[in-house]
$ cat protein-v4.txt   # compact mmCIF, C-alpha atoms
# COMPACT_ATOMS: atom_id res chain seq x y z
CA MET V 484 51.08 97.48 156.26
CA SER V 485 54.86 97.66 156.52
CA ALA V 486 55.07 93.90 155.94
CA ASN V 487 53.08 94.46 152.77
CA GLY V 488 55.46 97.23 151.80
CA THR V 489 58.43 94.89 152.13
CA ARG V 490 56.68 92.23 150.10
CA ASP V 491 55.81 94.69 147.38
CA PHE V 492 59.39 95.91 147.35
CA ILE V 493 60.71 92.38 146.91
CA THR V 494 58.18 91.72 144.15
CA GLY V 495 59.24 94.91 142.43
CA LEU V 496 62.83 93.75 142.74
CA PHE V 497 61.84 90.42 141.17
CA VAL V 498 60.34 92.17 138.16
CA LEU V 499 63.39 94.38 137.79
CA VAL V 500 65.87 91.49 138.06
CA GLY V 501 63.82 89.55 135.51
CA LEU V 502 63.86 92.48 133.11
CA VAL V 503 67.61 92.95 133.61
CA ALA V 504 68.12 89.26 132.79
CA LEU V 505 66.00 89.71 129.66
CA ALA V 506 67.94 92.81 128.65
CA TYR V 507 71.23 90.98 129.17
CA LEU V 508 70.06 88.12 126.95
CA SER V 509 68.76 90.51 124.30
CA PHE V 510 71.55 93.04 124.09
CA THR V 511 74.73 91.30 125.19
CA VAL V 512 74.14 87.67 124.29
CA GLY V 513 71.60 88.24 121.52
CA GLY V 514 73.49 91.17 120.02
CA LEU V 515 70.40 93.31 119.59
CA GLN V 516 71.57 96.66 118.27
CA TYR V 517 70.15 99.85 119.60
CA SER V 518 69.87 101.54 116.23
CA GLY V 519 69.93 105.15 117.35
CA ASP V 520 71.89 106.77 114.54
CA GLY V 521 71.28 104.02 111.98
CA GLY V 522 74.93 103.58 111.01
CA LEU V 523 76.30 103.77 107.48
CA PRO V 524 74.60 101.42 105.01
CA VAL V 525 76.68 100.52 101.96
CA TYR V 526 76.66 97.53 99.64
CA ALA V 527 79.06 95.48 97.55
CA LEU V 528 78.66 92.97 94.72
CA PHE V 529 80.53 89.67 94.86
CA ASP V 530 80.77 86.72 92.46
CA GLN V 531 80.80 84.25 95.33
CA VAL V 532 79.81 84.72 98.96
CA ALA V 533 79.62 81.06 100.05
CA GLY V 534 79.77 80.84 103.84
CA LEU V 535 78.97 84.48 104.50
CA LYS V 536 75.86 85.03 106.61
CA PRO V 537 73.85 88.01 107.82
CA LYS V 538 75.43 89.32 111.04
CA SER V 539 78.87 88.26 109.86
CA PRO V 540 81.38 90.86 111.08
CA VAL V 541 82.96 93.54 108.91
CA GLU V 542 86.50 94.44 109.91
CA ILE V 543 89.16 96.96 109.02
CA ALA V 544 92.66 95.92 110.07
CA GLY V 545 91.11 93.32 112.37
CA VAL V 546 88.89 95.82 114.16
CA ARG V 547 85.16 95.23 113.94
CA VAL V 548 83.44 98.21 112.31
CA GLY V 549 80.04 96.77 111.40
CA GLN V 550 78.17 93.74 110.17
CA VAL V 551 76.47 92.20 107.16
CA SER V 552 72.83 93.24 107.31
CA SER V 553 71.49 91.15 104.43
CA ILE V 554 72.55 89.13 101.41
CA GLY V 555 70.60 88.94 98.17
CA LEU V 556 70.96 88.40 94.45
CA ASP V 557 71.09 91.31 92.03
CA GLU V 558 69.67 91.19 88.50
CA THR V 559 72.96 90.01 87.00
CA PHE V 560 73.05 87.05 89.41
CA ARG V 561 75.86 88.41 91.47
CA ALA V 562 75.57 88.39 95.23
CA ARG V 563 74.59 91.74 96.67
CA VAL V 564 75.81 92.09 100.24
CA ASN V 565 74.41 94.96 102.29
CA LEU V 566 76.70 96.18 105.02
CA GLU V 567 75.87 98.20 108.09
CA LEU V 568 78.95 100.12 109.20
CA ASP V 569 79.34 102.23 112.31
CA SER V 570 78.54 105.80 111.36
CA SER V 571 81.87 106.93 112.81
CA VAL V 572 83.71 105.10 109.99
CA LYS V 573 84.83 107.48 107.23
CA LEU V 574 85.46 105.08 104.38
CA PRO V 575 87.27 106.43 101.26
CA VAL V 576 85.31 105.85 98.04
CA ASP V 577 88.03 103.66 96.50
CA SER V 578 88.05 101.17 99.37
CA SER V 579 87.86 97.48 98.62
CA ALA V 580 86.05 94.59 100.29
CA ALA V 581 87.24 90.99 100.51
CA ILE V 582 85.60 87.91 101.97
CA VAL V 583 88.10 86.12 104.13
CA THR V 584 88.04 83.20 106.52
CA ALA V 585 89.02 83.12 110.17
CA GLY V 586 91.20 80.03 110.33
CA ILE V 587 91.08 77.45 107.55
CA LEU V 588 87.51 76.28 108.22
CA GLY V 589 86.35 79.16 110.37
CA ASP V 590 83.62 81.70 109.91
CA ARG V 591 83.61 84.04 106.94
CA TYR V 592 83.85 87.75 107.48
CA ILE V 593 84.36 90.82 105.32
CA GLN V 594 87.62 92.67 105.41
CA LEU V 595 87.65 96.24 104.17
CA THR V 596 90.82 97.81 102.89
CA PRO V 597 90.54 101.60 102.95
CA GLY V 598 91.54 103.40 99.77
CA ALA V 599 93.50 106.61 99.36
CA GLU V 600 90.85 109.06 98.08
CA ASP V 601 89.88 112.05 100.20
CA GLU V 602 86.21 111.68 99.33
CA VAL V 603 84.33 109.42 101.77
CA MET V 604 81.44 107.04 101.04
CA LYS V 605 77.91 108.21 101.61
CA PRO V 606 75.01 106.02 102.79
CA GLY V 607 73.71 103.64 100.12
CA GLU V 608 76.82 103.75 97.94
CA GLN V 609 78.56 100.75 96.44
CA ILE V 610 82.00 99.46 97.33
CA ALA V 611 83.39 99.07 93.82
CA TYR V 612 86.34 96.76 94.35
CA THR V 613 85.60 93.32 95.73
CA GLU V 614 87.34 90.01 96.13
CA SER V 615 85.12 86.95 96.36
CA ALA V 616 85.12 84.12 98.83
CA MET V 617 87.45 81.28 98.06
CA VAL V 618 85.73 77.94 98.09
CA LEU V 619 87.93 75.33 99.65
CA GLU V 620 86.46 72.44 97.64
CA ARG V 621 87.19 74.26 94.40
CA LEU V 622 90.76 74.99 95.45
CA ILE V 623 91.28 71.34 96.36
CA GLY V 624 89.71 70.38 93.06
CA LYS V 625 92.10 72.63 91.14
CA PHE V 626 95.04 71.26 93.09
CA LEU V 627 94.06 67.67 92.36
CA VAL V 628 93.60 68.55 88.71
CA ASN V 629 97.08 70.06 88.57
CA VAL V 630 98.80 67.02 90.06
CA GLY V 631 96.66 64.61 88.04
CA ASP V 632 97.72 63.18 84.67
CA LYS V 633 97.32 65.06 81.40
CA SER V 634 94.19 63.40 80.02
CA LYS V 635 92.26 63.75 83.28
CA ASP V 636 93.47 67.31 83.48
CA GLU V 637 91.69 68.34 80.27
CA ASP V 638 88.50 66.56 81.29
CA SER V 639 88.10 68.28 84.62
CA ASP V 640 89.30 71.58 83.18
CA ALA V 641 86.21 71.59 80.98
CA GLU V 642 84.08 70.72 83.97
CA ASP V 643 85.65 73.48 85.96
CA LYS V 644 84.83 76.05 83.27
CA GLU V 645 81.19 75.04 83.45
CA GLY V 646 81.13 75.49 87.18
CA THR V 647 82.67 78.94 87.11
CA PRO V 648 80.11 81.74 86.85
CA MET C 1278 31.21 47.23 116.83
CA ASN C 1279 28.59 49.90 117.40
CA GLU C 1280 29.56 49.94 121.02
CA ALA C 1281 33.21 50.65 120.22
CA VAL C 1282 32.38 53.43 117.77
CA THR C 1283 30.05 55.00 120.31
CA ARG C 1284 32.74 54.87 122.93
CA ILE C 1285 35.27 56.59 120.63
CA GLY C 1286 32.71 59.21 119.79
CA ARG C 1287 31.92 59.80 123.45
CA ALA C 1288 35.61 60.21 124.28
CA ALA C 1289 36.07 62.65 121.39
CA ASN C 1290 33.02 64.62 122.47
CA GLY C 1291 34.30 64.68 126.03
CA ILE C 1292 37.66 66.11 124.93
CA THR C 1293 35.97 68.68 122.70
CA GLU C 1294 33.62 69.74 125.48
CA GLU C 1295 36.51 70.04 127.91
CA LEU C 1296 38.47 72.18 125.45
CA GLY C 1297 35.40 74.31 124.89
CA ARG C 1298 34.95 74.83 128.62
CA LEU C 1299 38.64 75.73 128.92
CA ALA C 1300 38.28 78.27 126.09
CA ALA C 1301 35.16 79.71 127.70
CA PHE C 1302 37.05 79.96 131.00
CA ALA C 1303 39.93 81.76 129.24
CA GLY C 1304 37.39 84.09 127.65
CA ARG C 1305 35.90 84.85 131.06
CA ILE C 1306 39.32 85.69 132.49
CA LEU C 1307 39.93 88.05 129.56
CA LEU C 1308 36.50 89.59 129.99
CA VAL C 1309 36.89 90.29 133.70
CA THR C 1310 40.36 91.67 133.01
CA LEU C 1311 38.88 94.34 130.79
CA ARG C 1312 36.44 95.33 133.50
CA PRO C 1313 37.72 97.67 136.23
CA PRO C 1314 38.68 97.67 139.07
CA LEU C 1315 42.02 96.18 138.11
CA ARG C 1316 42.98 95.10 141.66
CA PHE C 1317 46.72 95.47 141.24
CA GLY C 1318 47.25 94.69 144.91
CA GLU C 1319 45.99 91.14 144.47
CA PHE C 1320 48.05 90.70 141.32
CA TRP C 1321 51.15 91.95 143.10
CA ALA C 1322 50.60 89.55 146.00
CA GLU C 1323 50.22 86.63 143.59
CA LEU C 1324 53.30 87.70 141.64
CA PHE C 1325 55.17 87.51 144.94
CA LYS C 1326 53.93 83.99 145.65
CA ILE C 1327 54.37 82.64 142.15
CA GLY C 1328 57.39 84.62 140.98
CA VAL C 1329 59.54 85.67 143.89
CA LEU C 1330 59.18 82.44 145.83
CA SER C 1331 60.18 80.49 142.71
CA ILE C 1332 63.44 82.39 142.20
CA LEU C 1333 65.49 80.08 144.38
CA ILE C 1334 64.44 76.84 142.70
CA ILE C 1335 64.76 78.46 139.26
CA CYS C 1336 68.26 79.81 139.86
CA VAL C 1337 69.60 76.69 141.58
CA SER C 1338 68.17 74.46 138.83
CA GLY C 1339 69.53 76.87 136.23
CA VAL C 1340 73.07 76.74 137.59
CA ALA C 1341 72.91 72.93 137.83
CA VAL C 1342 71.57 72.55 134.29
CA GLY C 1343 74.15 74.97 132.91
CA MET C 1344 76.96 73.11 134.64
CA VAL C 1345 75.94 69.69 133.40
CA LEU C 1346 75.25 71.03 129.90
CA SER C 1347 78.72 72.54 129.83
CA LEU C 1348 80.31 69.33 131.06
CA GLN C 1349 78.45 67.12 128.60
CA GLY C 1350 78.98 69.57 125.76
CA TYR C 1351 82.69 69.73 126.52
CA THR C 1352 83.21 65.96 126.54
CA THR C 1353 81.36 65.70 123.22
CA LEU C 1354 82.96 68.70 121.52
CA VAL C 1355 86.50 67.83 122.60
CA ARG C 1356 86.28 64.68 120.48
CA PHE C 1357 86.01 66.88 117.40
CA GLY C 1358 88.49 69.41 118.71
CA ALA C 1359 85.69 71.95 118.75
CA GLU C 1360 85.65 72.73 122.47
CA ASN C 1361 85.94 76.43 121.67
CA SER C 1362 82.34 76.31 120.44
CA LEU C 1363 81.14 75.33 123.91
CA GLY C 1364 79.66 78.77 124.53
CA ALA C 1365 77.59 78.51 121.36
CA VAL C 1366 76.30 75.04 122.27
CA VAL C 1367 75.41 76.02 125.83
CA GLY C 1368 73.88 79.38 124.88
CA LEU C 1369 71.82 78.16 121.94
CA SER C 1370 70.42 75.08 123.64
CA LEU C 1371 69.55 77.06 126.77
CA ILE C 1372 67.96 80.01 125.04
CA ARG C 1373 66.14 78.16 122.31
CA GLU C 1374 64.98 75.14 124.22
CA LEU C 1375 65.93 74.30 127.77
CA GLY C 1376 65.34 77.68 129.41
CA PRO C 1377 61.63 78.13 128.62
CA VAL C 1378 60.75 74.42 128.82
CA LEU C 1379 62.48 73.59 132.09
CA THR C 1380 61.26 76.83 133.65
CA ALA C 1381 57.70 75.96 132.65
CA LEU C 1382 58.03 72.46 134.12
CA LEU C 1383 59.56 73.75 137.35
CA VAL C 1384 56.99 76.50 137.74
CA THR C 1385 54.21 74.00 137.06
CA GLY C 1386 55.45 71.84 139.90
CA ARG C 1387 56.31 74.67 142.24
CA ALA C 1388 53.51 77.19 141.67
CA GLY C 1389 50.93 75.70 139.29
CA SER C 1390 50.12 72.89 141.68
CA SER C 1391 49.70 75.30 144.59
CA VAL C 1392 47.43 77.57 142.53
CA THR C 1393 45.19 74.59 141.73
CA ALA C 1394 45.24 73.38 145.33
CA GLU C 1395 44.39 76.83 146.66
CA ILE C 1396 41.47 77.44 144.31
CA GLY C 1397 40.28 73.85 144.74
CA THR C 1398 40.36 74.12 148.52
CA MET C 1399 38.49 77.41 148.36
CA LYS C 1400 35.88 75.62 146.33
CA ALA C 1401 35.75 72.60 148.67
CA THR C 1402 35.34 74.84 151.71
CA GLU C 1403 32.64 76.84 149.90
CA GLN C 1404 34.65 80.06 149.95
CA LEU C 1405 33.96 80.57 146.24
CA ASP C 1406 30.23 80.24 146.99
CA GLY C 1407 30.70 82.74 149.81
CA LEU C 1408 32.18 85.20 147.35
CA ARG C 1409 29.31 84.65 144.94
CA MET C 1410 26.87 85.33 147.77
CA MET C 1411 28.50 88.71 148.21
CA ALA C 1412 28.03 89.30 144.48
CA ILE C 1413 31.78 88.96 143.84
CA ASP C 1414 32.73 86.93 140.80
CA PRO C 1415 35.35 84.35 141.93
CA VAL C 1416 36.88 84.34 138.44
CA ASP C 1417 37.41 88.07 138.81
CA TYR C 1418 38.56 88.10 142.42
CA VAL C 1419 40.47 84.82 142.83
CA VAL C 1420 41.36 83.46 139.41
CA ARG C 1421 42.34 86.58 137.48
CA PRO C 1422 45.27 87.79 139.62
CA LYS C 1423 46.69 84.27 139.81
CA ALA C 1424 46.43 83.69 136.07
CA TRP C 1425 48.04 87.00 135.16
CA ALA C 1426 50.77 86.64 137.75
CA MET C 1427 51.63 83.24 136.31
CA ALA C 1428 51.68 84.54 132.75
CA VAL C 1429 53.86 87.53 133.70
CA ALA C 1430 56.24 85.60 135.96
CA MET C 1431 57.07 82.91 133.40
CA PRO C 1432 59.15 84.97 130.92
CA LEU C 1433 60.97 86.70 133.77
CA LEU C 1434 61.78 83.42 135.50
CA SER C 1435 62.83 81.89 132.20
CA ALA C 1436 65.29 84.73 131.62
CA MET C 1437 66.69 84.29 135.13
CA PHE C 1438 67.02 80.55 134.53
CA ILE C 1439 68.96 81.11 131.32
CA VAL C 1440 71.28 83.72 132.82
CA SER C 1441 72.12 81.56 135.84
CA ALA C 1442 72.61 78.55 133.56
CA ILE C 1443 75.01 80.53 131.36
CA GLY C 1444 76.87 81.43 134.55
CA GLY C 1445 76.99 77.79 135.68
CA GLY C 1446 78.19 76.76 132.23
CA TYR C 1447 80.85 79.44 132.36
CA PHE C 1448 82.12 78.15 135.68
CA VAL C 1449 82.48 74.55 134.47
CA GLY C 1450 83.79 75.42 131.02
CA VAL C 1451 86.27 78.10 132.03
CA HIS C 1452 87.35 77.22 135.56
CA LEU C 1453 87.15 73.44 135.49
CA MET C 1454 87.73 72.57 131.83
CA GLY C 1455 90.11 75.38 131.03
CA ILE C 1456 88.44 77.02 128.04
CA ASP C 1457 89.29 80.68 127.67
CA GLY C 1458 86.56 82.85 129.19
CA GLY C 1459 86.54 85.29 126.30
CA THR C 1460 86.23 82.43 123.81
CA TYR C 1461 83.25 81.02 125.71
CA MET C 1462 81.40 84.33 125.79
CA SER C 1463 82.28 85.44 122.25
CA SER C 1464 81.31 82.12 120.66
CA MET C 1465 77.99 82.47 122.48
CA GLU C 1466 77.49 86.08 121.49
CA ASN C 1467 78.39 85.39 117.87
CA SER C 1468 75.99 82.49 117.48
CA VAL C 1469 73.00 83.79 119.44
CA ASP C 1470 70.81 86.15 117.49
CA PHE C 1471 68.12 88.37 118.97
CA GLU C 1472 65.33 87.82 116.46
CA ASN C 1473 65.79 84.11 115.91
CA ASP C 1474 66.82 82.98 119.36
CA VAL C 1475 66.09 85.42 122.18
CA ALA C 1476 62.75 86.64 120.84
CA GLY C 1477 61.71 83.05 120.17
CA SER C 1478 62.71 82.10 123.70
CA LEU C 1479 60.55 84.93 125.04
CA LEU C 1480 57.63 83.88 122.88
CA LYS C 1481 57.92 80.31 124.13
CA ALA C 1482 58.10 81.39 127.76
CA ALA C 1483 55.06 83.66 127.32
CA VAL C 1484 53.02 80.91 125.65
CA PHE C 1485 54.01 78.42 128.35
CA GLY C 1486 53.06 80.97 131.00
CA VAL C 1487 49.59 81.32 129.52
CA ILE C 1488 49.22 77.54 129.23
CA VAL C 1489 50.24 76.85 132.83
CA ALA C 1490 48.15 79.76 134.10
CA LEU C 1491 45.03 78.56 132.26
CA ILE C 1492 45.35 74.90 133.16
CA SER C 1493 46.19 75.42 136.82
CA THR C 1494 43.38 77.91 137.47
CA TYR C 1495 40.88 75.96 135.37
CA ARG C 1496 41.64 72.68 137.12
CA GLY C 1497 41.25 74.34 140.51
CA HIS C 1498 38.02 75.99 139.48
CA GLN C 1499 36.60 72.71 138.12
CA ALA C 1500 37.80 70.56 141.03
CA GLN C 1501 35.33 68.30 142.80
CA PRO C 1502 34.63 69.99 146.15
CA THR C 1503 36.14 67.18 148.21
CA SER C 1504 39.65 66.53 149.48
CA ALA C 1505 40.01 63.69 146.97
CA GLY C 1506 38.79 66.06 144.25
CA VAL C 1507 41.36 68.72 145.13
CA SER C 1508 44.13 66.15 145.17
CA ALA C 1509 43.05 64.79 141.78
CA ALA C 1510 42.85 68.31 140.36
CA THR C 1511 46.38 69.11 141.56
CA THR C 1512 47.76 65.93 140.04
CA SER C 1513 46.00 66.54 136.78
CA THR C 1514 47.34 70.11 136.64
CA VAL C 1515 50.92 68.93 136.88
CA VAL C 1516 50.45 66.12 134.37
CA LEU C 1517 48.34 68.05 131.89
CA ALA C 1518 50.36 71.27 132.05
CA SER C 1519 53.70 69.44 131.66
CA VAL C 1520 52.52 67.42 128.68
CA THR C 1521 50.85 70.43 127.05
CA VAL C 1522 54.00 72.50 127.48
CA LEU C 1523 56.13 69.81 125.83
CA VAL C 1524 53.68 69.35 122.96
CA PHE C 1525 53.40 73.10 122.40
CA ASP C 1526 57.16 73.34 122.53
CA TYR C 1527 57.37 71.05 119.53
CA ILE C 1528 54.55 72.87 117.72
CA LEU C 1529 56.12 76.30 118.28
CA THR C 1530 59.51 75.07 117.14
CA ALA C 1531 58.10 73.34 114.08
CA LEU C 1532 55.87 76.22 113.00
CA TRP C 1533 58.10 79.21 113.65
CA GLY C 1534 61.49 77.62 114.12
CA VAL C 1535 62.02 79.24 117.49
$ encode --input "protein-v4.txt" --output "C-alpha cells"
Amino acid sequence: MSANGTRDFITGLFVLVGLVALAYLSFTVGGLQYSGDGGLPVYALFDQVAGLKPKSPVEIAGVRVGQVSSIGLDETFRARVNLELDSSVKLPVDSSAAIVTAGILGDRYIQLTPGAEDEVMKPGEQIAYTESAMVLERLIGKFLVNVGDKSKDEDSDAEDKEGTP
Amino acid sequence: MNEAVTRIGRAANGITEELGRLAAFAGRILLVTLRPPLRFGEFWAELFKIGVLSILIICVSGVAVGMVLSLQGYTTLVRFGAENSLGAVVGLSLIRELGPVLTALLVTGRAGSSVTAEIGTMKATEQLDGLRMMAIDPVDYVVRPKAWAMAVAMPLLSAMFIVSAIGGGYFVGVHLMGIDGGTYMSSMENSVDFENDVAGSLLKAAVFGVIVALISTYRGHQAQPTSAGVSAATTSTVVLASVTVLVFDYILTALWGV
C-alpha cells in the first residue's frame, strides 16, 4: 500500500510538473494576459499603420504600458488601432500617439506622448493626435526623386500624389 | 482487367472496414467511460507507466533537440546578421511543430508499443477471455485506463519537451554562441502568441494523444493471439501511429494554421 502511495505521489507530481510547463508556455512565453481588471481600452486613427501588428507594444518614454489589441479600417478608410493600456496609466486627453520603428528595419510599436491637460482619458475614448508610420520605400522613393533630374522628377511626383491617401 | 478492379475494390473495402472497426472501438471506449465505476486507481497506475516513466526520454530528447536547433538556427541566422532572432526561431519551431510531433513519436515508441504488447499478450494468454468469463468487459477494465492515460499524458509530456528544449536552446545560444540571454528570451516572448501558437500546440498534442491511444489499444485488442501476432501488432502500432501523427500534423496545420 505504501509503495502504491509513493507511485501515486510521483504520478501526481508528473501531472503538476506538466501543468507548470504548460502554464509557463502559456503565460510567460505565450504572453497570455490574465485580464482581471480589463485595462484601459482606447483607440486612435492613423493614415498609415504599415508594419504594425496586434500585440505590438505601446510605450511611454520607452516603458511598455500596453499593447495593440486589434487593427481595423474605419468608414473613412483610415486605420483604426485599438489599444489596451494598463489601467494604472492615467493618460491626459491631449496625448498623442506615433508609430515608430525599433531600429531601421525593426518592429513597429506605438509611442505615446502624454499631453498637459489635467483631465485623463476614459475607456473607449479616442487619442486625437496621431503620427502615421513612415514607409521606408516611400521615403527612398522621395529621396531618389529629389536627386533625379527635373523631367523625371515631375513624372514621379504625379505618381506619388496618386499613391498618397 | 476485372481482376485488377476487384482487387482495388477489395483493398478499399478492407481499409474502410478497418476504419469502421476503429471508430466502433473508439465509440466503445467512450461508452464505457460514461458508465461508472470510473476506476481512477487503474487510470492513475497507467498514467504512471505511460507518463512518469516517459519523462526521462522526453526531457533528454527535448534538451538535445533544443541544443541542435539552436546551433543550426544560429549558423543560419548569423549569415543574415539576424542571430538576435534565435529565440523566436527556436521557440516558434518548437511550440508550433517539433514539440507535439516529436513527443508523439517518442511516446509511440516508448509507451504505445508497450500498451499494444501488453494488451496483445493478455489476449494471447487468454486473460481477456478470463475477464469476460467473470463478466468484466476488457475494453472497460484494460483498455479504457490505458487509452485515457495516453491521451492525458501527451499534452503534459509535450509541454515538458518544449520547456526542456527551450532550456537546451538557451544553453547553446547564450553560453556557447554568446547571444545575450535577455535578447533570446524576449525575442521568443515577443514572437510567440498564446492563441496562435501555444493553444495550437496543445491542440496538436491532444489530437496526437488520442490518435496514439486509439491505435495502440486497438492494435493490441485486435492482435492475433500468438507470439507472432503480438509482435506484428506492436510493429504495426509504431508504424501506423507514427505515420498517422505526421499526416494529421499536416492536416491540422493546413486547416487551422496551428
$ residues_around --input "protein-v4.txt" --residues "region 616-627 of chain V" --least-positions-apart "5" --cutoff "6 Å" --atoms "all atoms listed in the file" --output "list in words"
Gln531, Val532 and Ile582 of chain V
$ closest_residue --input "protein-v4.txt" --among "C:Leu1299, C:Val1516, C:Val1340, C:Val1475" --to "Thr511 (chain V)" --atoms "all atoms listed in the file"
C:Val1475
$ atom_distance --input "protein-v4.txt" --atom1 "CA of Leu1307 (chain C)" --atom2 "CA of Val1329 (chain C)"
24.4 Å
$ atom_distance --input "protein-v4.txt" --atom1 "CA of Ile1306 (chain C)" --atom2 "CA of Gly1291 (chain C)"
22.5 Å
$ closest_residue --input "protein-v4.txt" --among "V:Glu614, V:Asp530, V:Glu608, V:Asp491" --to "Pro575 (chain V)" --atoms "only C-alpha atoms"
V:Glu608
$ interface_residues --input "protein-v4.txt" --of "chain C" --to "chain V" --cutoff "9 Å" --atoms "only C-alpha atoms" --output "MDAnalysis selection string"
chainID C and resid 1318 1321:1322 1324:1326 1328:1329 1332 1368 1372 1430 1432:1440 1462:1463 1465:1472 1474:1476 1479
$ atom_distance --input "protein-v4.txt" --atom1 "CA of Ser1390 (chain C)" --atom2 "CA of Ala1490 (chain C)"
10.4 Å
$ residues_around --input "protein-v4.txt" --residues "Tyr612 (chain V)" --least-positions-apart "5" --cutoff "10 Å" --atoms "all atoms listed in the file" --output "list in words"
Ala527, Leu528, Phe529, Val576, Asp577, Ser578, Ser579, Ala580, Ala581, Leu595 and Thr596 of chain V
$ residues_around --input "protein-v4.txt" --residues "region 1397-1413 of chain C" --least-positions-apart "6" --cutoff "9 Å" --atoms "all atoms listed in the file" --output "list in words"
Val1419, Thr1494, Arg1496, Gly1497, His1498, Gln1499, Ala1500, Gln1501, Pro1502, Thr1503, Ser1504, Gly1506, Val1507, Ser1508, Ala1510 and Thr1511 of chain C
$ residues_around --input "protein-v4.txt" --residues "Phe1302 (chain C)" --least-positions-apart "6" --cutoff "10 Å" --atoms "all atoms listed in the file" --output "list of chain:residue names"
C:Leu1296, C:Leu1308, C:Val1416, C:Leu1491, C:Ile1492, C:Thr1494, C:Tyr1495, C:His1498
$ closest_residue --input "protein-v4.txt" --among "C:Leu1532, C:Asp1526, C:Val1489, C:Phe1317" --to "Leu1375 (chain C)" --atoms "all atoms listed in the file"
C:Asp1526
$ residues_around --input "protein-v4.txt" --residues "Gly1534 (chain C)" --least-positions-apart "3" --cutoff "10 Å" --atoms "all atoms listed in the file" --output "JSON list (two decimals) with C-alpha atoms, in the frame of the given file"
[["chain", "number", "residue", "atom", "x", "y", "z"],
["C", 1373, "ARG", "CA", 66.14, 78.16, 122.31],
["C", 1473, "ASN", "CA", 65.79, 84.11, 115.91],
["C", 1474, "ASP", "CA", 66.82, 82.98, 119.36],
["C", 1477, "GLY", "CA", 61.71, 83.05, 120.17],
["C", 1527, "TYR", "CA", 57.37, 71.05, 119.53],
["C", 1528, "ILE", "CA", 54.55, 72.87, 117.72],
["C", 1529, "LEU", "CA", 56.12, 76.30, 118.28],
["C", 1530, "THR", "CA", 59.51, 75.07, 117.14],
["C", 1531, "ALA", "CA", 58.10, 73.34, 114.08]]
